[in-house]
Each structure stands twice: as C-alpha cells, then as structure tokens.
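> Below is entry.pdb; it holds PDB, C-alpha atoms and all ligand atoms.
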```pdb
ATOM      1  CA  MET A 195     -17.558   9.808  15.204
ATOM      2  CA  GLN A 196     -19.192   6.885  13.382
ATOM      3  CA  ILE A 197     -16.049   5.049  12.495
ATOM      4  CA  ASP A 198     -15.555   1.353  12.870
ATOM      5  CA  VAL A 199     -12.389   0.863  14.921
ATOM      6  CA  ALA A 200     -12.943  -2.690  16.023
ATOM      7  CA  THR A 201     -14.123  -4.597  12.989
ATOM      8  CA  PRO A 202     -12.635  -3.986   9.575
ATOM      9  CA  MET A 203     -15.118  -3.751   6.712
ATOM     10  CA  ARG A 204     -15.508  -7.034   4.935
ATOM     11  CA  ALA A 205     -15.256  -6.915   1.190
ATOM     12  CA  GLY A 206     -15.318 -10.642   0.927
ATOM     13  CA  THR A 207     -18.848 -11.898   0.959
ATOM     14  CA  ALA A 208     -19.338 -15.390  -0.406
ATOM     15  CA  SER A 209     -20.183 -14.113  -3.878
ATOM     16  CA  GLU A 210     -17.363 -11.566  -4.050
ATOM     17  CA  GLY A 211     -14.612 -13.816  -2.729
ATOM     18  CA  PRO A 212     -11.913 -12.816  -0.273
ATOM     19  CA  SER A 213     -10.472  -9.333   0.188
ATOM     20  CA  ALA A 214      -7.347  -8.346  -1.723
ATOM     21  CA  LEU A 215      -5.665  -8.016   1.674
ATOM     22  CA  SER A 216      -6.863  -8.979   5.092
ATOM     23  CA  VAL A 217      -4.784  -8.323   8.214
ATOM     24  CA  GLU A 218      -6.111  -9.765  11.442
ATOM     25  CA  LYS A 219      -4.794  -9.030  14.918
ATOM     26  CA  VAL A 220      -1.153  -8.566  13.941
ATOM     27  CA  THR A 221       1.336  -7.379  16.533
ATOM     28  CA  HIS A 222       5.022  -6.741  15.843
ATOM     29  CA  ARG A 223       7.845  -5.737  18.168
ATOM     30  CA  PHE A 224      11.398  -4.596  17.559
ATOM     31  CA  GLY A 225      12.921  -5.642  20.873
ATOM     32  CA  SER A 226      10.963  -3.743  23.486
ATOM     33  CA  ARG A 227       9.472  -1.316  20.923
ATOM     34  CA  LEU A 228       5.919  -2.130  19.953
ATOM     35  CA  ALA A 229       5.694  -1.143  16.266
ATOM     36  CA  LEU A 230       2.261  -2.697  15.546
ATOM     37  CA  ASP A 231      -0.302  -3.431  18.208
ATOM     38  CA  ASP A 232      -3.176  -5.793  17.370
ATOM     39  CA  VAL A 233      -3.649  -4.372  13.883
ATOM     40  CA  SER A 234      -6.626  -5.503  11.802
ATOM     41  CA  LEU A 235      -7.548  -4.013   8.444
ATOM     42  CA  ASP A 236      -9.012  -4.891   5.074
ATOM     43  CA  VAL A 237      -8.281  -3.833   1.517
ATOM     44  CA  PRO A 238     -11.301  -4.756  -0.631
ATOM     45  CA  ARG A 239     -10.689  -5.697  -4.246
ATOM     46  CA  GLY A 240     -11.092  -2.757  -6.585
ATOM     47  CA  SER A 241     -10.541  -0.263  -3.770
ATOM     48  CA  PHE A 242      -8.098   2.536  -3.157
ATOM     49  CA  THR A 243      -7.392   2.124   0.542
ATOM     50  CA  ALA A 244      -5.259   4.856   2.070
ATOM     51  CA  LEU A 245      -3.126   3.838   5.030
ATOM     52  CA  LEU A 246      -2.885   7.219   6.648
ATOM     53  CA  GLY A 247      -0.385   7.707   9.431
ATOM     54  CA  PRO A 248       2.251  10.145  10.636
ATOM     55  CA  ASN A 249       5.976   9.301  10.747
ATOM     56  CA  GLY A 250       6.660   6.248  12.869
ATOM     57  CA  ALA A 251       3.035   5.037  12.754
ATOM     58  CA  GLY A 252       4.076   1.552  11.615
ATOM     59  CA  LYS A 253       3.204   1.731   7.903
ATOM     60  CA  THR A 254       6.517   0.353   6.622
ATOM     61  CA  THR A 255       6.541  -2.331   9.298
ATOM     62  CA  LEU A 256       3.113  -3.467   8.124
ATOM     63  CA  PHE A 257       4.318  -3.595   4.503
ATOM     64  CA  SER A 258       7.364  -5.607   5.585
ATOM     65  CA  LEU A 259       5.106  -8.154   7.252
ATOM     66  CA  VAL A 260       2.758  -8.443   4.266
ATOM     67  CA  THR A 261       5.710  -8.955   1.907
ATOM     68  CA  ARG A 262       7.363 -11.459   4.291
ATOM     69  CA  LEU A 263      10.485  -9.387   4.905
ATOM     70  CA  TYR A 264       9.452  -9.976   8.520
ATOM     71  CA  ASP A 265       7.594 -12.989   9.814
ATOM     72  CA  ASN A 266       4.231 -12.308  11.470
ATOM     73  CA  ARG A 267       4.274 -14.318  14.651
ATOM     74  CA  THR A 268       0.803 -13.281  15.741
ATOM     75  CA  GLY A 269      -2.491 -12.999  13.906
ATOM     76  CA  ALA A 270      -2.977 -13.673  10.210
ATOM     77  CA  ILE A 271      -2.235 -11.884   6.934
ATOM     78  CA  ARG A 272      -4.052 -13.060   3.817
ATOM     79  CA  VAL A 273      -3.652 -11.993   0.201
ATOM     80  CA  LEU A 274      -6.707 -12.995  -1.830
ATOM     81  CA  GLY A 275      -7.428 -15.510   0.910
ATOM     82  CA  HIS A 276      -3.910 -17.017   0.897
ATOM     83  CA  ASP A 277      -2.201 -16.901   4.279
ATOM     84  CA  VAL A 278       1.296 -15.443   3.824
ATOM     85  CA  ARG A 279       2.787 -17.832   6.383
ATOM     86  CA  ARG A 280       1.112 -21.022   5.274
ATOM     87  CA  GLU A 281       0.946 -20.375   1.509
ATOM     88  CA  PRO A 282       3.700 -17.819   0.896
ATOM     89  CA  ALA A 283       4.186 -18.595  -2.807
ATOM     90  CA  ALA A 284       0.459 -18.298  -3.603
ATOM     91  CA  ALA A 285       0.127 -15.121  -1.525
ATOM     92  CA  LEU A 286       3.223 -13.364  -2.875
ATOM     93  CA  SER A 287       2.404 -14.223  -6.488
ATOM     94  CA  ARG A 288      -0.792 -12.111  -6.167
ATOM     95  CA  LEU A 289       1.068  -9.148  -4.723
ATOM     96  CA  GLY A 290       2.910  -6.218  -6.320
ATOM     97  CA  VAL A 291       4.838  -3.748  -4.203
ATOM     98  CA  VAL A 292       6.470  -0.346  -4.562
ATOM     99  CA  PHE A 293       8.733   0.309  -1.595
ATOM    100  CA  GLN A 294       9.504   3.743  -0.218
ATOM    101  CA  ALA A 295      13.193   3.514  -1.155
ATOM    102  CA  ARG A 296      13.906   3.341  -4.894
ATOM    103  CA  THR A 297      15.022  -0.105  -5.953
ATOM    104  CA  LEU A 298      15.597   0.201  -9.710
ATOM    105  CA  ASP A 299      19.049  -0.484 -11.121
ATOM    106  CA  LEU A 300      20.043   2.930 -12.484
ATOM    107  CA  ASP A 301      22.601   1.551 -14.930
ATOM    108  CA  LEU A 302      20.250  -0.874 -16.624
ATOM    109  CA  SER A 303      17.656   0.166 -19.175
ATOM    110  CA  VAL A 304      14.012   0.460 -18.200
ATOM    111  CA  GLN A 305      13.240  -2.694 -20.148
ATOM    112  CA  GLN A 306      16.116  -4.650 -18.572
ATOM    113  CA  ASN A 307      14.857  -3.735 -15.094
ATOM    114  CA  LEU A 308      11.370  -4.952 -15.930
ATOM    115  CA  VAL A 309      12.438  -8.135 -17.698
ATOM    116  CA  TYR A 310      14.768  -9.053 -14.841
ATOM    117  CA  HIS A 311      11.914  -8.670 -12.358
ATOM    118  CA  ALA A 312       9.541 -10.706 -14.545
ATOM    119  CA  THR A 313      12.017 -13.582 -14.767
ATOM    120  CA  LEU A 314      12.208 -13.605 -10.947
ATOM    121  CA  HIS A 315       8.503 -14.377 -11.085
ATOM    122  CA  GLY A 316       9.206 -17.326 -13.374
ATOM    123  CA  ILE A 317       8.083 -15.593 -16.576
ATOM    124  CA  GLY A 318      10.103 -16.723 -19.608
ATOM    125  CA  PHE A 319      12.279 -14.170 -21.446
ATOM    126  CA  GLY A 320      10.095 -13.734 -24.537
ATOM    127  CA  ARG A 321       6.941 -13.301 -22.529
ATOM    128  CA  ALA A 322       8.756 -11.045 -20.082
ATOM    129  CA  ARG A 323       9.642  -8.627 -22.892
ATOM    130  CA  GLN A 324       6.032  -8.566 -24.020
ATOM    131  CA  ARG A 325       4.785  -8.046 -20.466
ATOM    132  CA  ALA A 326       7.331  -5.263 -19.960
ATOM    133  CA  ARG A 327       6.009  -3.480 -23.016
ATOM    134  CA  GLU A 328       2.414  -3.874 -21.854
ATOM    135  CA  ALA A 329       3.240  -2.635 -18.350
ATOM    136  CA  LEU A 330       5.110   0.389 -19.728
ATOM    137  CA  ASP A 331       2.179   1.144 -21.989
ATOM    138  CA  ARG A 332      -0.121   1.187 -18.974
ATOM    139  CA  VAL A 333       1.984   3.821 -17.224
ATOM    140  CA  GLY A 334       2.510   5.829 -20.420
ATOM    141  CA  LEU A 335       6.262   5.262 -20.719
ATOM    142  CA  VAL A 336       6.613   2.754 -23.523
ATOM    143  CA  ASP A 337       8.810   5.202 -25.453
ATOM    144  CA  ARG A 338      11.415   5.140 -22.648
ATOM    145  CA  ALA A 339      11.977   1.351 -22.701
ATOM    146  CA  LYS A 340      15.517   1.589 -24.065
ATOM    147  CA  ASP A 341      16.646   4.488 -21.842
ATOM    148  CA  LYS A 342      18.841   3.940 -18.820
ATOM    149  CA  VAL A 343      16.852   4.446 -15.631
ATOM    150  CA  ARG A 344      19.203   7.214 -14.481
ATOM    151  CA  GLN A 345      18.015   9.320 -17.432
ATOM    152  CA  LEU A 346      14.483   9.474 -16.008
ATOM    153  CA  SER A 347      12.921  11.979 -13.621
ATOM    154  CA  GLY A 348      11.883  10.960 -10.104
ATOM    155  CA  GLY A 349       8.225  10.784 -11.118
ATOM    156  CA  GLN A 350       9.037   8.654 -14.162
ATOM    157  CA  MET A 351      11.107   6.281 -11.999
ATOM    158  CA  ARG A 352       8.139   5.820  -9.719
ATOM    159  CA  ARG A 353       5.921   5.006 -12.690
ATOM    160  CA  ILE A 354       8.504   2.446 -13.847
ATOM    161  CA  GLU A 355       8.420   0.912 -10.374
ATOM    162  CA  ILE A 356       4.643   0.664 -10.636
ATOM    163  CA  ALA A 357       4.977  -0.956 -14.078
ATOM    164  CA  ARG A 358       7.467  -3.401 -12.585
ATOM    165  CA  ALA A 359       5.124  -4.191  -9.697
ATOM    166  CA  LEU A 360       2.350  -4.967 -12.207
ATOM    167  CA  ILE A 361       4.351  -7.185 -14.536
ATOM    168  CA  HIS A 362       3.182 -10.483 -13.018
ATOM    169  CA  ARG A 363      -0.444  -9.203 -13.015
ATOM    170  CA  PRO A 364      -1.051  -9.056  -9.267
ATOM    171  CA  ASP A 365      -4.438  -8.461  -7.644
ATOM    172  CA  LEU A 366      -3.068  -6.384  -4.780
ATOM    173  CA  LEU A 367      -0.700  -3.439  -5.114
ATOM    174  CA  LEU A 368       1.082  -2.015  -2.069
ATOM    175  CA  LEU A 369       2.694   1.401  -2.315
ATOM    176  CA  ASP A 370       4.696   2.795   0.600
ATOM    177  CA  GLU A 371       4.653   6.606   0.458
ATOM    178  CA  PRO A 372       5.277   6.513  -3.304
ATOM    179  CA  THR A 373       5.142  10.282  -3.803
ATOM    180  CA  VAL A 374       7.963  11.182  -1.412
ATOM    181  CA  GLY A 375      10.278  13.641  -3.176
ATOM    182  CA  LEU A 376       7.892  14.352  -6.071
ATOM    183  CA  ASP A 377       6.567  17.806  -6.944
ATOM    184  CA  ILE A 378       2.844  18.532  -6.670
ATOM    185  CA  GLY A 379       2.158  17.885 -10.380
ATOM    186  CA  SER A 380       4.007  14.552 -10.445
ATOM    187  CA  ARG A 381       2.320  13.536  -7.208
ATOM    188  CA  ALA A 382      -1.162  14.202  -8.591
ATOM    189  CA  ALA A 383      -0.299  12.397 -11.851
ATOM    190  CA  LEU A 384       0.914   9.337  -9.971
ATOM    191  CA  VAL A 385      -2.200   9.090  -7.803
ATOM    192  CA  ALA A 386      -4.366   9.493 -10.929
ATOM    193  CA  GLU A 387      -2.377   6.738 -12.658
ATOM    194  CA  VAL A 388      -3.012   4.305  -9.842
ATOM    195  CA  ARG A 389      -6.703   5.204  -9.708
ATOM    196  CA  ARG A 390      -6.946   4.420 -13.442
ATOM    197  CA  LEU A 391      -5.391   0.997 -12.797
ATOM    198  CA  ILE A 392      -8.005   0.282 -10.158
ATOM    199  CA  ALA A 393     -10.771   1.245 -12.588
ATOM    200  CA  SER A 394      -9.342  -0.804 -15.476
ATOM    201  CA  ASP A 395      -8.011  -3.886 -13.656
ATOM    202  CA  GLY A 396      -9.990  -4.045 -10.410
ATOM    203  CA  LEU A 397      -6.782  -4.045  -8.375
ATOM    204  CA  GLY A 398      -6.944  -3.616  -4.643
ATOM    205  CA  VAL A 399      -4.510  -0.861  -3.655
ATOM    206  CA  LEU A 400      -3.048  -0.078  -0.253
ATOM    207  CA  TRP A 401      -1.444   3.357  -0.470
ATOM    208  CA  ALA A 402       0.561   4.398   2.592
ATOM    209  CA  THR A 403       0.819   8.134   3.042
ATOM    210  CA  HIS A 404       0.724  11.000   5.481
ATOM    211  CA  ILE A 405      -0.454  13.424   2.787
ATOM    212  CA  ILE A 406      -4.177  14.122   3.138
ATOM    213  CA  GLU A 407      -4.413  15.673  -0.360
ATOM    214  CA  GLU A 408      -3.740  12.265  -1.929
ATOM    215  CA  ILE A 409      -7.028  10.910  -0.584
ATOM    216  CA  ALA A 410     -10.296  11.348  -2.474
ATOM    217  CA  PRO A 411     -13.990  10.860  -1.737
ATOM    218  CA  GLY A 412     -14.750   7.223  -2.546
ATOM    219  CA  ASP A 413     -11.525   5.973  -0.968
ATOM    220  CA  ARG A 414     -11.327   3.774   2.055
ATOM    221  CA  ILE A 415      -9.155   5.079   4.847
ATOM    222  CA  VAL A 416      -7.282   3.334   7.638
ATOM    223  CA  VAL A 417      -5.748   5.667  10.212
ATOM    224  CA  LEU A 418      -2.675   4.170  11.871
ATOM    225  CA  HIS A 419      -0.940   5.938  14.727
ATOM    226  CA  ARG A 420       1.757   4.635  17.043
ATOM    227  CA  GLY A 421       1.160   1.112  15.824
ATOM    228  CA  ARG A 422      -2.572   1.090  16.390
ATOM    229  CA  VAL A 423      -5.508   1.376  14.012
ATOM    230  CA  ARG A 424      -7.336   4.450  15.257
ATOM    231  CA  ALA A 425     -10.156   4.243  12.715
ATOM    232  CA  GLN A 426     -11.102   2.741   9.392
ATOM    233  CA  GLY A 427     -13.982   3.202   7.035
ATOM    234  CA  SER A 428     -15.117   5.112   3.985
ATOM    235  CA  PHE A 429     -14.104   8.720   3.340
ATOM    236  CA  ALA A 430     -17.681   9.748   4.132
ATOM    237  CA  GLU A 431     -17.660   7.905   7.457
ATOM    238  CA  MET A 432     -14.316   9.401   8.364
ATOM    239  CA  VAL A 433     -15.392  13.009   7.837
ATOM    240  CA  ALA A 434     -18.971  12.705   9.118
ATOM    241  CA  ASP A 435     -18.251  14.574  12.351
ATOM    242  CA  SER A 436     -15.828  17.125  10.947
ATOM    243  CA  ALA A 437     -17.978  18.893   8.344
ATOM    244  CA  GLY A 438     -16.235  17.074   5.499
ATOM    245  CA  ASP A 439     -12.753  18.107   6.645
ATOM    246  CA  LEU A 440     -10.464  15.054   6.531
ATOM    247  CA  SER A 441      -7.474  16.952   7.977
ATOM    248  CA  ALA A 442      -9.508  17.876  11.045
ATOM    249  CA  ALA A 443     -10.764  14.299  11.440
ATOM    250  CA  PHE A 444      -7.213  12.951  11.090
ATOM    251  CA  LEU A 445      -5.748  15.417  13.572
ATOM    252  CA  ALA A 446      -8.463  14.586  16.090
ATOM    253  CA  LEU A 447      -7.593  10.891  15.787
ATOM    254  CA  VAL A 448      -3.837  11.297  16.186
ATOM    255  CA  ASP A 449      -3.980  14.009  18.832
ATOM    256  CA  GLU A 450      -2.369  12.417  21.876
ATOM    257  CA  ASP A 451      -4.348  14.660  24.215
ATOM    258  CA  GLY A 452      -7.641  13.949  22.474
ATOM    259  CA  ALA A 453     -10.247  11.375  23.306
ATOM    260  CA  SER A 454      -8.815   8.787  20.918
ATOM    261  CA  GLY A 455      -5.462   8.284  22.580
ATOM    262  CA  HIS A 456      -5.821   4.508  22.383
ATOM    263  CA  ALA A 457      -6.711   2.491  19.342
ATOM    264  CA  GLY A 458      -9.058   0.250  21.210
ATOM    265  CA  ASP A 459     -11.171   3.130  22.481
ATOM    266  CA  ALA A 460     -14.368   4.010  20.750
ATOM    267  CA  PRO A 461     -13.774   7.391  19.156
TER     268      PRO A 461
HETATM  269  N1  LIG B   1      14.381  -2.235  12.134
HETATM  270  C1  LIG B   1      13.869  -1.588  13.178
HETATM  271  N2  LIG B   1      14.412  -1.712  14.409
HETATM  272  C2  LIG B   1      13.877  -1.069  15.483
HETATM  273  N3  LIG B   1      12.797  -0.270  15.423
HETATM  274  C3  LIG B   1      12.238  -0.092  14.221
HETATM  275  C4  LIG B   1      12.727  -0.727  13.044
HETATM  276  N4  LIG B   1      11.956  -0.364  11.985
HETATM  277  C5  LIG B   1      11.006   0.468  12.487
HETATM  278  N5  LIG B   1      11.176   0.635  13.816
HETATM  279  C6  LIG B   1      10.321   1.422  14.721
HETATM  280  O1  LIG B   1       8.991   0.982  14.556
HETATM  281  C7  LIG B   1       8.088   2.086  14.550
HETATM  282  C8  LIG B   1       7.312   2.121  13.239
HETATM  283  O2  LIG B   1       8.221   2.440  12.190
HETATM  284  P1  LIG B   1       7.791   2.412  10.649
HETATM  285  O3  LIG B   1       9.022   2.647   9.840
HETATM  286  O4  LIG B   1       7.016   1.191  10.389
HETATM  287  O5  LIG B   1       6.816   3.683  10.577
HETATM  288  P2  LIG B   1       6.258   4.460   9.294
HETATM  289  O6  LIG B   1       4.826   4.721   9.563
HETATM  290  O7  LIG B   1       6.607   3.725   8.060
HETATM  291  O8  LIG B   1       7.063   5.828   9.375
HETATM  292  P3  LIG B   1       7.547   6.849   8.180
HETATM  293  O9  LIG B   1       6.303   7.519   7.672
HETATM  294  O10 LIG B   1       8.438   7.772   8.925
HETATM  295  O11 LIG B   1       8.246   6.018   7.139
HETATM  296  C9  LIG B   1       8.937   3.338  14.797
HETATM  297  O12 LIG B   1       8.916   3.627  16.180
HETATM  298  C10 LIG B   1      10.324   2.898  14.351
HETATM  299  O13 LIG B   1      11.330   3.593  15.065
END
```
Would you mind writing the file's structure down as structure tokens?

Amino acid sequence: MQIDVATPMRAGTASEGPSALSVEKVTHRFGSRLALDDVSLDVPRGSFTALLGPNGAGKTTLFSLVTRLYDNRTGAIRVLGHDVRREPAAALSRLGVVFQARTLDLDLSVQQNLVYHATLHGIGFGRARQRAREALDRVGLVDRAKDKVRQLSGGQMRRIEIARALIHRPDLLLLDEPTVGLDIGSRAALVAEVRRLIASDGLGVLWATHIIEEIAPGDRIVVLHRGRVRAQGSFAEMVADSAGDLSAAFLALVDEDGASGHAGDAP
C-alpha cells in the first residue's frame, strides 16, 4: 500500500507558510500505559484531516496534548508554527476546539455561552456580542441566540459549540468525535457545515472519528491505532490497494494479525 507512514506530508512550503498543526515524534504515557507512541502528523491549512482510529487509539490524548491539558514532554507540537510549549499563548490563540463531552452551560442562553467564551479570549463585551452573532450566522442558528441551550437538540448544541470554537477566528479547528450521539441526518449536516467553513475560511480541521462514512474523497486521513500512526496520506493514497474501499483499507491497517501490526512497519 503506497501510504507514507514515516514522514507526514508537509503543507508548509516556504511560500505557503507552516501547517495549521504539526505534531512531531510525540509520545505520551499514563503510568505504564503507552497512549501515544512516537506520533507525527500534519494538518495542512485548508484541509479536512480525519484522525481515524478505533476506541482507545489515542485520539483524545492527542487532543489533550495539543490543547495543553497535558504537557508534551517529548517531541514538538506546533500550531501555525508556534510551539505549544514555548509559545503557548500564540499557539492556543490560533486554535479552536470542540471536545467530545459537551461543555456548554445549559442554563445560559446561546448568546451568553458564546460571549462568555469570547471574553475569555480577551475580546471586549461589545465586540463579543457582534462576534457571537457572526459565529451563529455561520452555523445557521442566529435565530436561537436568546434561547437557553437546554432547549436545543443535540445536533444544534454541537453547532453552537462549533460557533463558540470559531469566535476568536482560529486557523485550526479540532473536533473530537463531534457526531457521537447524533442521528444520521444531523451527522451529515454537521460534517457538511465544517466542510463549508474550510472552503470559506481556509481553516485547517482535524476531525477525530471512527466513522468511515464521515470521510470524503479529497480529505487527508491519519490512521491511529493503539497509540501509533499506522498510515497517513490522501484519501486516494489510502484506498489505492483496496479498490477504493476505505473500510477495507482501514480494517487491514488496524487488524492485529495483519502485516501492519506495528506503526513503524512499512505497510
Ligand atoms: N487519564 C488516563 N489515565 C490512564 N489511562 C488513560 C487516560 N486517558 C486515556 N487513557 C488510556 O490511553 C489510551 C488512549 O485513550 P484515548 O482516550 O486517547 O483514546 P481515544 O482514541 O480517544 O478513544 P475513544 O474513541 O474511545 O474516545 C487508552 O488505552 C486509554 O485507556
């Protein structure tokens, strides 16, 4: 299979500038458990990069390192070229994140949730209200600004979380299994929404999932399994040896009895 396992694709040529996200040789342990093992990956600007991995692959751990919930003691993580350890403020100001667990305050209005978040980013109250309106407009929910969050559906709450993540105009958006608990229609709508944002704003998106149907031709894919990057490349590269079948390619990569049992092995 012609997939680059060793060297992540470089989006950042001199003229294009650095990648939205670059992770280089990051290892993370919880006690004796190795959650991430020498992980390197790239999210080019303007790309939808799917972080595809089964339960326990290490997706959430990776997100926690990028967002500085955990400290990366090995390797380097850069957001738009800013190292998250050495320049945390610059790196985190370019980053928006939607965590797997819902984090909206259900008893506040949609607008209050957004304005509160904007002020945490140092945006003044007046501007925060304007930004909240703009962000809601982009996810098609401007008419729900005054509603309490608990009055919204699960899919609408997710879209509010995306609006909130965009309020400080980041260049990189991380979403950790954002469609968990949504029906098929809401799931498809949410993926489409994020793809529109990439097209309109040139955001780099890292979308963690284990749902193959959320991935489209044109996406970049990073397959993570048991803490190791098993493969990364374009959709076309990923399915080249499986007659266009991404599920088959994915299963071959995460099959413990298959040839790709170790991330460092050439597939
Ligand atoms: N706080 C923690 N303490 C100990 N082990 C942890 C902790 N968080 C995660 N792990 C372990 O690290 C590994 C990776 O977990 P992680 O949650 O990152 O995977 P994931 O790909 O996000 O899984 P899922 O799709 O189920 O959310 C697992 O073996 C998990 O048990």
> Using all atoms listed in the file for the distances, tell me which of A:Ile354, A:Val374, A:Leu274, A:Ala410 is nearest to ligand LIG 1 (chain B).
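Selected residue with least distance to ligand LIG 1 (chain B): A:Val374.
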> Could you state the separation of CA of Ile406 in chain A and CA of Leu235 in chain A in Å, given to one decimal place?
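Spanning CA of Ile406 in chain A to CA of Leu235 in chain A is a straight-line distance of 19.2 Å.
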> For the structure shown, which residues end up in the PyMOL selection byres (((not hetatm)) within 8 of (chain B and resi 1))? Put them as a PDB file with C-alpha atoms, in the coordinates of the input, please?

```pdb
ATOM      1  CA  ARG A 223       7.845  -5.737  18.168  1.00  0.00           C
ATOM      2  CA  PHE A 224      11.398  -4.596  17.559  1.00  0.00           C
ATOM      3  CA  GLY A 225      12.921  -5.642  20.873  1.00  0.00           C
ATOM      4  CA  ARG A 227       9.472  -1.316  20.923  1.00  0.00           C
ATOM      5  CA  LEU A 228       5.919  -2.130  19.953  1.00  0.00           C
ATOM      6  CA  ALA A 229       5.694  -1.143  16.266  1.00  0.00           C
ATOM      7  CA  LEU A 230       2.261  -2.697  15.546  1.00  0.00           C
ATOM      8  CA  GLY A 247      -0.385   7.707   9.431  1.00  0.00           C
ATOM      9  CA  PRO A 248       2.251  10.145  10.636  1.00  0.00           C
ATOM     10  CA  ASN A 249       5.976   9.301  10.747  1.00  0.00           C
ATOM     11  CA  GLY A 250       6.660   6.248  12.869  1.00  0.00           C
ATOM     12  CA  ALA A 251       3.035   5.037  12.754  1.00  0.00           C
ATOM     13  CA  GLY A 252       4.076   1.552  11.615  1.00  0.00           C
ATOM     14  CA  LYS A 253       3.204   1.731   7.903  1.00  0.00           C
ATOM     15  CA  THR A 254       6.517   0.353   6.622  1.00  0.00           C
ATOM     16  CA  THR A 255       6.541  -2.331   9.298  1.00  0.00           C
ATOM     17  CA  LEU A 256       3.113  -3.467   8.124  1.00  0.00           C
ATOM     18  CA  GLN A 294       9.504   3.743  -0.218  1.00  0.00           C
ATOM     19  CA  ASP A 370       4.696   2.795   0.600  1.00  0.00           C
ATOM     20  CA  GLU A 371       4.653   6.606   0.458  1.00  0.00           C
ATOM     21  CA  THR A 403       0.819   8.134   3.042  1.00  0.00           C
ATOM     22  CA  HIS A 404       0.724  11.000   5.481  1.00  0.00           C
ATOM     23  CA  LEU A 418      -2.675   4.170  11.871  1.00  0.00           C
ATOM     24  CA  HIS A 419      -0.940   5.938  14.727  1.00  0.00           C
ATOM     25  CA  ARG A 420       1.757   4.635  17.043  1.00  0.00           C
ATOM     26  CA  GLY A 421       1.160   1.112  15.824  1.00  0.00           C
TER      27      GLY A 421
END
```
> Could you name the residues that touch Leu384 in chain A at 12 Å or less, counting only C-alpha atoms, but leaving out those on the same chain fewer than 4 positions away, as a ChimeraX atom specification?
/A:333-334,348-357,369,371-374,376-380,388-391,401,408
> To verify the selection step, state as a list in words which residues the PyMOL selection byres (((chain A and resi 400) around 8) and not hetatm) yields on this input.
Val237, Phe242, Thr243, Ala244, Leu245, Leu366, Leu367, Leu368, Leu369, Gly398, Val399, Trp401 and Ala402 of chain A
> Measuring between all atoms listed in the file, which one of A:Asp231, A:His276, A:Asp413, A:Glu328 shows the shortest distance to Val385 in chain A?
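Comparing A:Asp231, A:His276, A:Asp413, A:Glu328 against Val385 in chain A, the winner is A:Asp413.
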> Expand the PyMOL selection byres (((chain A and resi 272) around 10) and not hetatm) into the individual residues it matches in the shown file, reporting them as a list in words.
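Selection result, ordered by chain and number: Pro212, Ser213, Ala214, Leu215, Ser216, Val217, Glu218, Asp236, Val260, Ala270, Ile271, Val273, Leu274, Gly275, His276, Asp277, Val278, Arg279, Arg280, Glu281, Pro282, Ala285 and Leu286 of chain A.
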> Between A:Leu397, A:Gly438, A:Val291, A:Asp299, single out the one closest to Ser258 in chain A, counting all atoms listed in the file.
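Residue with the minimum atom-to-atom distance to Ser258 in chain A: A:Val291.
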> For CA of Asp341 in chain A and CA of Glu387 in chain A, quote the distance in Å rounded to one decimal.
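Between CA of Asp341 in chain A and CA of Glu387 in chain A the gap is 21.2 Å.
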> What is the distance between CA of Ile415 in chain A and CA of Asp265 in chain A, in Å to one decimal?
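Computing it gives 25.1 Å between the two atoms.
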> Could you tell me which of A:Leu330, A:Val416, A:Ala284, A:Ala430 comes closest to Ile361 in chain A if we count only C-alpha atoms?
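Among the listed residues, the smallest separation from Ile361 in chain A belongs to A:Leu330.
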> Hey, which of A:Arg414, A:Arg288, A:His311, A:Arg262 ends up closest to Arg323 in chain A? Count all atoms listed in the file.
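Closest to Arg323 in chain A, using all atoms listed in the file: A:His311.
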> Using the file's own x, y and z axes, what box holds all listed atoms of range 407-418 of chain A with 6 Å on each side, keeping edges along x, y and z, and what are its centre and edge lengths in Å to one decimal, as AutoDock Vina command-line options?

```
--center_x -8.7 --center_y 9.5 --center_z 4.7 --size_x 24.1 --size_y 24.3 --size_z 26.4
```
> Here is a test: counting only C-alpha atoms, which residue of A:Ile392, A:Ser287, A:Asn307, A:Ser347 is nearest to Gly375 in chain A?
A:Ser347
